[in-house]
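Structure file data_4.cif (mmCIF, C-alpha atoms and all ligand atoms) follows.
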data_run
#
loop_
_atom_site.label_atom_id
_atom_site.label_comp_id
_atom_site.auth_asym_id
_atom_site.auth_seq_id
_atom_site.Cartn_x
_atom_site.Cartn_y
_atom_site.Cartn_z
CA MET A 1 20.09 -11.11 3.57
CA ASN A 2 16.95 -12.12 1.70
CA VAL A 3 13.51 -12.22 3.31
CA PHE A 4 10.23 -12.99 1.54
CA GLY A 5 7.61 -10.26 1.02
CA VAL A 6 3.99 -10.66 -0.08
CA ASP A 7 1.61 -7.83 -0.96
CA ILE A 8 -2.12 -8.63 -0.74
CA GLY A 9 -3.98 -6.27 -3.05
CA GLY A 10 -7.57 -5.94 -4.21
CA SER A 11 -6.74 -7.40 -7.63
CA GLY A 12 -3.52 -9.37 -7.19
CA ILE A 13 -1.42 -11.13 -4.54
CA LYS A 14 2.25 -10.78 -5.41
CA GLY A 15 5.47 -11.72 -3.75
CA ALA A 16 9.18 -12.35 -4.12
CA PRO A 17 12.30 -12.80 -2.05
CA VAL A 18 13.66 -9.34 -1.22
CA ASP A 19 17.31 -8.37 -1.02
CA LEU A 20 17.28 -6.21 2.12
CA GLU A 21 20.67 -4.62 1.46
CA ARG A 22 19.53 -3.27 -1.90
CA GLY A 23 15.85 -2.81 -0.97
CA ASP A 24 14.80 -4.52 -4.17
CA LEU A 25 13.37 -7.82 -5.36
CA ALA A 26 15.99 -10.57 -5.47
CA GLU A 27 13.97 -12.42 -8.16
CA PRO A 28 11.11 -11.41 -10.47
CA ARG A 29 7.88 -11.40 -8.50
CA HIS A 30 5.12 -13.99 -8.83
CA LYS A 31 1.51 -12.88 -8.91
CA VAL A 32 -1.83 -14.67 -8.56
CA LEU A 33 -5.25 -13.07 -8.90
CA THR A 34 -7.02 -12.17 -5.66
CA PRO A 35 -10.00 -14.52 -5.22
CA HIS A 36 -13.46 -12.98 -5.08
CA PRO A 37 -14.78 -12.98 -2.44
CA ALA A 38 -11.37 -12.41 -0.82
CA THR A 39 -12.04 -14.65 2.19
CA PRO A 40 -9.37 -15.48 4.78
CA ASP A 41 -9.02 -19.08 3.58
CA GLY A 42 -9.01 -18.14 -0.11
CA VAL A 43 -6.41 -15.39 0.32
CA ALA A 44 -4.22 -17.45 2.68
CA GLY A 45 -4.20 -20.20 0.03
CA CYS A 46 -3.03 -17.69 -2.60
CA VAL A 47 -0.29 -16.33 -0.30
CA ALA A 48 0.90 -19.92 0.23
CA GLU A 49 0.87 -20.49 -3.54
CA VAL A 50 3.07 -17.42 -4.12
CA VAL A 51 5.53 -18.44 -1.38
CA GLU A 52 5.65 -22.07 -2.55
CA HIS A 53 6.32 -20.95 -6.13
CA PHE A 54 9.80 -19.98 -4.93
CA GLY A 55 10.23 -23.01 -2.64
CA TRP A 56 10.82 -20.48 0.14
CA SER A 57 11.37 -21.56 3.75
CA GLY A 58 12.18 -18.68 6.08
CA PRO A 59 10.57 -15.54 7.50
CA ILE A 60 7.76 -13.96 5.50
CA GLY A 61 6.28 -10.47 5.68
CA VAL A 62 2.73 -9.98 4.41
CA THR A 63 0.83 -6.75 3.77
CA PHE A 64 -2.91 -6.51 4.33
CA PRO A 65 -5.27 -3.83 2.93
CA GLY A 66 -6.80 -2.92 6.31
CA VAL A 67 -5.98 -1.98 9.89
CA VAL A 68 -3.63 -4.51 11.52
CA THR A 69 -2.83 -4.42 15.25
CA GLY A 70 -0.33 -7.03 16.37
CA SER A 71 -1.22 -9.55 13.70
CA THR A 72 -4.99 -9.21 14.06
CA ILE A 73 -7.02 -7.75 11.21
CA ARG A 74 -9.35 -4.98 12.44
CA THR A 75 -10.92 -3.63 9.23
CA ALA A 76 -11.51 -5.00 5.73
CA ALA A 77 -12.88 -2.26 3.47
CA ASN A 78 -12.02 -3.92 0.15
CA VAL A 79 -11.77 -7.60 1.06
CA ASP A 80 -14.19 -10.07 2.66
CA LYS A 81 -15.48 -8.91 6.05
CA GLY A 82 -14.72 -12.39 7.42
CA TRP A 83 -11.16 -11.12 7.93
CA VAL A 84 -12.12 -8.87 10.85
CA GLY A 85 -10.82 -10.40 14.09
CA VAL A 86 -8.64 -12.99 12.30
CA ASP A 87 -5.03 -13.50 13.42
CA ALA A 88 -3.61 -13.28 9.90
CA ALA A 89 -0.07 -14.31 10.85
CA ALA A 90 -1.38 -17.47 12.53
CA LEU A 91 -3.70 -18.33 9.62
CA ILE A 92 -1.06 -17.85 6.91
CA GLY A 93 1.66 -19.48 9.05
CA GLU A 94 -0.52 -22.59 9.38
CA ARG A 95 -0.82 -22.87 5.58
CA LEU A 96 2.95 -22.68 5.34
CA ASN A 97 3.79 -25.42 7.84
CA GLY A 98 4.64 -23.01 10.62
CA LEU A 99 6.94 -20.56 8.80
CA PRO A 100 7.16 -17.28 10.79
CA VAL A 101 4.80 -14.66 9.35
CA THR A 102 4.63 -10.91 10.11
CA VAL A 103 1.61 -8.92 8.95
CA LEU A 104 1.20 -5.15 8.58
CA ASN A 105 -0.96 -2.63 6.73
CA ASP A 106 -0.15 -2.39 3.01
CA ALA A 107 0.38 1.37 2.85
CA ASP A 108 2.49 1.30 6.03
CA ALA A 109 4.69 -1.35 4.40
CA ALA A 110 5.03 0.66 1.19
CA GLY A 111 5.84 3.79 3.21
CA VAL A 112 8.53 2.07 5.28
CA ALA A 113 10.21 0.86 2.08
CA GLU A 114 10.01 4.32 0.50
CA MET A 115 11.46 6.03 3.59
CA THR A 116 14.45 3.67 3.57
CA PHE A 117 15.13 2.97 -0.10
CA GLY A 118 12.90 5.26 -2.15
CA ALA A 119 11.50 8.75 -2.44
CA GLY A 120 11.46 9.47 1.31
CA ARG A 121 15.04 8.46 2.03
CA GLY A 122 16.63 10.78 4.59
CA ARG A 123 13.54 13.02 4.76
CA LYS A 124 12.76 14.60 8.14
CA GLY A 125 9.59 16.25 9.40
CA THR A 126 6.13 15.05 8.44
CA VAL A 127 5.99 12.83 5.36
CA ILE A 128 2.81 11.19 4.08
CA MET A 129 2.77 8.33 1.63
CA LEU A 130 -0.53 7.77 -0.18
CA THR A 131 -1.14 4.65 -2.25
CA PHE A 132 -3.77 4.79 -4.98
CA GLY A 133 -5.25 1.47 -6.04
CA THR A 134 -8.47 -0.38 -5.20
CA GLY A 135 -8.63 1.93 -2.16
CA ILE A 136 -6.45 4.77 -0.90
CA GLY A 137 -3.87 3.79 1.72
CA SER A 138 -1.80 6.11 3.88
CA ALA A 139 1.41 6.01 5.89
CA LEU A 140 2.37 8.90 8.16
CA PHE A 141 6.00 9.49 9.20
CA ILE A 142 7.39 11.95 11.71
CA ASP A 143 11.17 12.25 11.35
CA GLY A 144 11.23 8.85 9.68
CA ARG A 145 9.13 7.14 12.36
CA LEU A 146 5.88 5.49 11.28
CA VAL A 147 2.55 6.26 12.96
CA PRO A 148 0.76 3.04 11.93
CA ASN A 149 -2.78 2.51 10.62
CA THR A 150 -3.64 6.12 9.79
CA GLU A 151 -6.39 5.19 7.25
CA LEU A 152 -6.54 8.60 5.56
CA GLY A 153 -8.29 7.05 2.56
CA HIS A 154 -11.47 7.07 4.61
CA LEU A 155 -11.47 10.82 5.24
CA GLU A 156 -14.60 12.48 3.93
CA LEU A 157 -14.33 14.27 0.60
CA ASP A 158 -17.39 15.95 -0.95
CA GLY A 159 -19.70 13.93 1.27
CA HIS A 160 -18.10 10.58 0.39
CA GLU A 161 -15.20 8.55 1.64
CA ALA A 162 -12.14 9.86 -0.22
CA GLU A 163 -11.27 6.44 -1.64
CA LYS A 164 -14.76 6.20 -3.16
CA ARG A 165 -14.01 9.44 -5.06
CA ALA A 166 -10.32 9.35 -5.89
CA SER A 167 -8.91 5.80 -5.93
CA THR A 168 -7.49 4.39 -9.15
CA LYS A 169 -10.38 1.92 -9.18
CA VAL A 170 -12.87 4.80 -9.33
CA LYS A 171 -10.90 6.34 -12.21
CA GLU A 172 -11.05 3.03 -14.10
CA ASP A 173 -14.66 2.15 -13.23
CA LYS A 174 -15.89 5.57 -14.33
CA ASP A 175 -13.45 5.79 -17.23
CA MET A 176 -12.33 9.22 -15.98
CA SER A 177 -9.79 11.37 -17.82
CA TRP A 178 -6.47 12.13 -16.09
CA GLU A 179 -7.65 15.74 -15.71
CA ASP A 180 -10.93 14.83 -14.02
CA TRP A 181 -9.29 12.32 -11.73
CA ALA A 182 -6.40 14.65 -10.87
CA HIS A 183 -8.95 17.31 -9.93
CA ARG A 184 -10.30 14.96 -7.25
CA VAL A 185 -6.83 13.89 -6.10
CA ARG A 186 -5.79 17.54 -5.80
CA LYS A 187 -8.80 18.30 -3.62
CA TYR A 188 -8.00 15.28 -1.49
CA LEU A 189 -4.34 16.24 -1.06
CA ALA A 190 -5.36 19.79 -0.14
CA HIS A 191 -7.61 18.34 2.56
CA VAL A 192 -4.89 16.07 3.96
CA GLU A 193 -2.46 19.01 3.83
CA MET A 194 -4.89 21.16 5.81
CA LEU A 195 -4.92 18.49 8.55
CA PHE A 196 -1.22 17.53 8.71
CA SER A 197 0.91 20.14 6.87
CA PRO A 198 3.41 17.54 5.60
CA GLU A 199 6.70 18.54 3.98
CA LEU A 200 6.34 15.79 1.42
CA PHE A 201 3.69 13.61 -0.18
CA ILE A 202 4.86 10.35 -1.76
CA VAL A 203 2.34 9.06 -4.29
CA GLY A 204 2.40 5.28 -4.73
CA GLY A 205 0.39 2.42 -6.20
CA GLY A 206 0.38 1.22 -9.80
CA VAL A 207 -0.50 4.74 -10.93
CA SER A 208 2.93 6.03 -9.77
CA ARG A 209 4.29 4.53 -13.00
CA LYS A 210 2.27 7.14 -14.89
CA ALA A 211 3.22 10.07 -12.63
CA GLU A 212 3.86 12.40 -15.56
CA LYS A 213 0.18 12.17 -16.51
CA PHE A 214 -1.17 13.60 -13.27
CA LEU A 215 1.50 14.98 -10.92
CA PRO A 216 1.85 18.21 -12.97
CA LEU A 217 -1.92 18.70 -12.52
CA LEU A 218 -1.70 18.64 -8.71
CA THR A 219 -1.31 22.38 -8.24
CA ASP A 220 -2.33 24.43 -5.17
CA VAL A 221 -0.67 21.99 -2.78
CA ARG A 222 2.19 23.57 -0.82
CA ALA A 223 3.97 20.34 0.03
CA GLU A 224 6.36 18.73 -2.40
CA ILE A 225 4.72 15.79 -4.24
CA VAL A 226 6.85 13.00 -5.66
CA PRO A 227 6.11 9.57 -7.13
CA ALA A 228 7.14 6.47 -5.19
CA GLY A 229 10.69 5.44 -6.06
CA LEU A 230 10.03 1.71 -5.75
CA GLN A 231 6.80 2.02 -7.67
CA ASN A 232 4.56 -0.96 -7.18
CA ASN A 233 7.17 -3.11 -5.40
CA ALA A 234 7.23 -0.95 -2.27
CA GLY A 235 4.68 -3.14 -0.47
CA ILE A 236 6.66 -6.33 -1.07
CA VAL A 237 9.92 -4.69 0.04
CA GLY A 238 8.30 -3.13 3.14
CA ALA A 239 6.69 -6.44 4.09
CA ALA A 240 10.08 -8.17 3.97
CA MET A 241 11.64 -5.34 6.02
CA ALA A 242 8.95 -5.75 8.69
CA ALA A 243 9.57 -9.50 8.87
CA ALA A 244 13.31 -8.92 9.22
CA ALA A 245 12.78 -6.34 11.99
CA ARG A 246 10.70 -8.71 14.11
C1 LIG B 1 -7.95 0.34 3.77
C2 LIG B 1 -6.52 0.63 4.16
C3 LIG B 1 -5.60 0.27 3.01
C4 LIG B 1 -6.04 0.96 1.73
C5 LIG B 1 -5.20 0.55 0.55
C6 LIG B 1 -8.28 1.06 2.49
O1 LIG B 1 -9.59 0.78 2.12
O2 LIG B 1 -8.84 0.72 4.79
O3 LIG B 1 -6.16 -0.08 5.31
O4 LIG B 1 -4.28 0.65 3.34
O5 LIG B 1 -7.39 0.66 1.45
O6 LIG B 1 -5.29 -0.81 0.30
#
Re-express the file's structure as C-alpha cells.
Amino acid sequence: MNVFGVDIGGSGIKGAPVDLERGDLAEPRHKVLTPHPATPDGVAGCVAEVVEHFGWSGPIGVTFPGVVTGSTIRTAANVDKGWVGVDAAALIGERLNGLPVTVLNDADAAGVAEMTFGAGRGRKGTVIMLTFGTGIGSALFIDGRLVPNTELGHLELDGHEAEKRASTKVKEDKDMSWEDWAHRVRKYLAHVEMLFSPELFIVGGGVSRKAEKFLPLLTDVRAEIVPAGLQNNAGIVGAAMAAAAR
C-alpha cells in the first residue's frame, strides 16, 4: 500500500508517496523551499503544492518541527510562532479539499521509520534517535515503543539550548570544522546519555549522509552510535506510516 508523506523542515518541504511494505519512497520526492516567515498559511500552501505535484488523493502524513499533541501544534522553535495553537491537520486538510491528514513531530516520524525499516530495526531497550538540521530533534523508544515529543534538542548545553550549539545550522552558520562541531555533538550525546543511558543512538538529518566525517570523532560515549539507515527520507516514510496507522 502507498500512503503520502510530507516532511516540513526549516529549509525545505518535501514529500512523496511511500511504499509501506518496503519502507521507501515509491517515487522520487518533490521539494519546495520553506517560505520565510514559515507561517501556517504559507507552509500549508507549500504542503498542498507538494501533494498536488503527484495528483495524490488519499491519506497524508505530515511532520512538523515542533511539539504536536493530537493534531495541535504546541511549540514552534524554528518556524513562525503563529503556528502555536493551530490544528495543523485541519488547516492542511482544508487546503487539500478535505483529504485526511495526520500530523506528528518530525523527529518522532523519523524515529518510527528508523525503528521499523532502518538502523533501529529489532532493537530493544532504550533507543534515542537524534536529528541534526535547522534544530535538533529527538525520538525516544523503549522496547520499540515511542515516547512522543521528547524535545531533547532544547536541553541546556554550556549555558545554551543544545540546538543553538550543535545543530547542523550552527555548523554551517559559523563555518565550523567537522572536528569543532563533533566536539559539541559529543558533549551533547554524553549529556543525553547521562540522563537516559540508551543502548543505541541513531543520528539522522541531512548530515547522516556524511557520517564518516564525524561519527568516528564521537568518542567517550558508551552507547552504540549509528547513522540513520533511511538518511533524510526517514521523516517522509514515518509520516506516511503514521497516516496509515490512524
Ligand atoms: C523542535 C523539535 C523538532 C526539532 C527538529 C526543535 O527546535 O522543538 O520539535 O523536532 O527542532 O526539527
Spatial neighbours of region 61-74 of chain A, 6 Å, all atoms listed in the file, chain gap at least 3 places, as a PDB file with C-alpha atoms, keeping the file's coordinate frame:
ATOM      1  CA  GLY A   5       7.610 -10.260   1.020  1.00  0.00           C
ATOM      2  CA  VAL A   6       3.990 -10.660  -0.080  1.00  0.00           C
ATOM      3  CA  ASP A   7       1.610  -7.830  -0.960  1.00  0.00           C
ATOM      4  CA  ILE A   8      -2.120  -8.630  -0.740  1.00  0.00           C
ATOM      5  CA  VAL A  84     -12.120  -8.870  10.850  1.00  0.00           C
ATOM      6  CA  GLY A  85     -10.820 -10.400  14.090  1.00  0.00           C
ATOM      7  CA  VAL A  86      -8.640 -12.990  12.300  1.00  0.00           C
ATOM      8  CA  ASP A  87      -5.030 -13.500  13.420  1.00  0.00           C
ATOM      9  CA  ALA A  88      -3.610 -13.280   9.900  1.00  0.00           C
ATOM     10  CA  ALA A  89      -0.070 -14.310  10.850  1.00  0.00           C
ATOM     11  CA  VAL A 101       4.800 -14.660   9.350  1.00  0.00           C
ATOM     12  CA  THR A 102       4.630 -10.910  10.110  1.00  0.00           C
ATOM     13  CA  VAL A 103       1.610  -8.920   8.950  1.00  0.00           C
ATOM     14  CA  LEU A 104       1.200  -5.150   8.580  1.00  0.00           C
ATOM     15  CA  ASN A 105      -0.960  -2.630   6.730  1.00  0.00           C
ATOM     16  CA  ASP A 106      -0.150  -2.390   3.010  1.00  0.00           C
ATOM     17  CA  ASN A 149      -2.780   2.510  10.620  1.00  0.00           C
ATOM     18  CA  ALA A 239       6.690  -6.440   4.090  1.00  0.00           C
ATOM     19  CA  ALA A 240      10.080  -8.170   3.970  1.00  0.00           C
ATOM     20  CA  ALA A 243       9.570  -9.500   8.870  1.00  0.00           C
TER      21      ALA A 243
END
Could you make a table, as JSON lines, of the residues of chain A that have an atom within 8 Å of an atom of ligand LIG 1 (chain B), each with its nearest atom pair and distance in Å to one decimal, counting only C-alpha atoms and all ligand atoms, in chain and number order?
{"residue": "A:Gly9", "atom": "CA", "partner": "B:LIG1", "partner_atom": "O6", "distance": 6.5}
{"residue": "A:Gly10", "atom": "CA", "partner": "B:LIG1", "partner_atom": "O6", "distance": 7.2}
{"residue": "A:Phe64", "atom": "CA", "partner": "B:LIG1", "partner_atom": "O3", "distance": 7.3}
{"residue": "A:Pro65", "atom": "CA", "partner": "B:LIG1", "partner_atom": "O6", "distance": 4.0}
{"residue": "A:Gly66", "atom": "CA", "partner": "B:LIG1", "partner_atom": "O3", "distance": 3.1}
{"residue": "A:Val67", "atom": "CA", "partner": "B:LIG1", "partner_atom": "O3", "distance": 5.0}
{"residue": "A:Thr75", "atom": "CA", "partner": "B:LIG1", "partner_atom": "O2", "distance": 6.6}
{"residue": "A:Ala76", "atom": "CA", "partner": "B:LIG1", "partner_atom": "O2", "distance": 6.4}
{"residue": "A:Ala77", "atom": "CA", "partner": "B:LIG1", "partner_atom": "O1", "distance": 4.7}
{"residue": "A:Asn78", "atom": "CA", "partner": "B:LIG1", "partner_atom": "O1", "distance": 5.6}
{"residue": "A:Asn105", "atom": "CA", "partner": "B:LIG1", "partner_atom": "O4", "distance": 5.8}
{"residue": "A:Asp106", "atom": "CA", "partner": "B:LIG1", "partner_atom": "O4", "distance": 5.1}
{"residue": "A:Ala107", "atom": "CA", "partner": "B:LIG1", "partner_atom": "O4", "distance": 4.7}
{"residue": "A:Asp108", "atom": "CA", "partner": "B:LIG1", "partner_atom": "O4", "distance": 7.3}
{"residue": "A:Thr131", "atom": "CA", "partner": "B:LIG1", "partner_atom": "C5", "distance": 6.4}
{"residue": "A:Phe132", "atom": "CA", "partner": "B:LIG1", "partner_atom": "C5", "distance": 7.1}
{"residue": "A:Gly133", "atom": "CA", "partner": "B:LIG1", "partner_atom": "C5", "distance": 6.7}
{"residue": "A:Thr134", "atom": "CA", "partner": "B:LIG1", "partner_atom": "O6", "distance": 6.4}
{"residue": "A:Gly135", "atom": "CA", "partner": "B:LIG1", "partner_atom": "O5", "distance": 4.0}
{"residue": "A:Ile136", "atom": "CA", "partner": "B:LIG1", "partner_atom": "C5", "distance": 4.6}
{"residue": "A:Gly137", "atom": "CA", "partner": "B:LIG1", "partner_atom": "O4", "distance": 3.6}
{"residue": "A:Ser138", "atom": "CA", "partner": "B:LIG1", "partner_atom": "O4", "distance": 6.0}
{"residue": "A:Asn149", "atom": "CA", "partner": "B:LIG1", "partner_atom": "O3", "distance": 6.8}
{"residue": "A:Glu151", "atom": "CA", "partner": "B:LIG1", "partner_atom": "C2", "distance": 5.5}
{"residue": "A:Gly153", "atom": "CA", "partner": "B:LIG1", "partner_atom": "C6", "distance": 6.0}
{"residue": "A:His154", "atom": "CA", "partner": "B:LIG1", "partner_atom": "O2", "distance": 6.9}
{"residue": "A:Glu163", "atom": "CA", "partner": "B:LIG1", "partner_atom": "O1", "distance": 7.0}
Exercise. To one decimal in Å, tell me the separation between CA of Thr116 (chain A) and CA of Tyr188 (chain A).
Key: 25.8 Å
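In this structure, CA of Met194 (chain A) sits 22.4 Å away from CA of Met115 (chain A).
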Exercise. Show which residues sit within 10 Å of Leu230 (chain A), as JSON, numbers by chain. Count all atoms listed in the file, and ignore same-chain residues fewer than 4 positions away.
Key: {"A": [23, 24, 110, 113, 114, 117, 118, 119, 204, 205, 208, 209, 234, 235, 236, 237]}
Could you write out that same residue set with C-alpha atoms as a PDB file, in the coordinates of the input?
ATOM      1  CA  GLY A  23      15.850  -2.810  -0.970  1.00  0.00           C
ATOM      2  CA  ASP A  24      14.800  -4.520  -4.170  1.00  0.00           C
ATOM      3  CA  ALA A 110       5.030   0.660   1.190  1.00  0.00           C
ATOM      4  CA  ALA A 113      10.210   0.860   2.080  1.00  0.00           C
ATOM      5  CA  GLU A 114      10.010   4.320   0.500  1.00  0.00           C
ATOM      6  CA  PHE A 117      15.130   2.970  -0.100  1.00  0.00           C
ATOM      7  CA  GLY A 118      12.900   5.260  -2.150  1.00  0.00           C
ATOM      8  CA  ALA A 119      11.500   8.750  -2.440  1.00  0.00           C
ATOM      9  CA  GLY A 204       2.400   5.280  -4.730  1.00  0.00           C
ATOM     10  CA  GLY A 205       0.390   2.420  -6.200  1.00  0.00           C
ATOM     11  CA  SER A 208       2.930   6.030  -9.770  1.00  0.00           C
ATOM     12  CA  ARG A 209       4.290   4.530 -13.000  1.00  0.00           C
ATOM     13  CA  ALA A 234       7.230  -0.950  -2.270  1.00  0.00           C
ATOM     14  CA  GLY A 235       4.680  -3.140  -0.470  1.00  0.00           C
ATOM     15  CA  ILE A 236       6.660  -6.330  -1.070  1.00  0.00           C
ATOM     16  CA  VAL A 237       9.920  -4.690   0.040  1.00  0.00           C
TER      17      VAL A 237
END
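Candidate residues A:Ala228, A:Leu20, A:Ile128, A:Ala223 were compared for distance to Lys210 (chain A), and the nearest is A:Ala228, using only C-alpha atoms.
Distances here use only C-alpha atoms; by that measure, the residue among A:Gly159, A:Lys14, A:Val79, A:His53 closest to Pro35 (chain A) is A:Val79.
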Self-check item: d(CA of Arg222 (chain A), CA of His191 (chain A)) in Å
Solution: 11.6 Å
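Considering the residues A:Ile13, A:Trp181, A:Glu224, A:Arg246 and counting only C-alpha atoms, Thr126 (chain A) has its shortest atom-to-atom contact with A:Glu224.
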Practice problem: Take the point (3.0, -22.3, 3.3) as written in the file and pick out every residue within 8 Å of it, counting only C-alpha atoms; give the list as a PyMOL selection string. | Solution: chain A and resi 47-49+51-52+92-99
Practice problem: Tell me which protein, DNA and RNA residues are within 6 Å of Ala182 (chain A), counting all atoms listed in the file, leaving out same-chain ones fewer than 4 positions away, and put them as number ranges by chain. | Solution: A: 178, 186, 214
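Each of A:Thr168, A:Gly42, A:Thr150, A:Glu27 was compared to Trp83 (chain A) using only C-alpha atoms, and A:Gly42 turns out to be the nearest.
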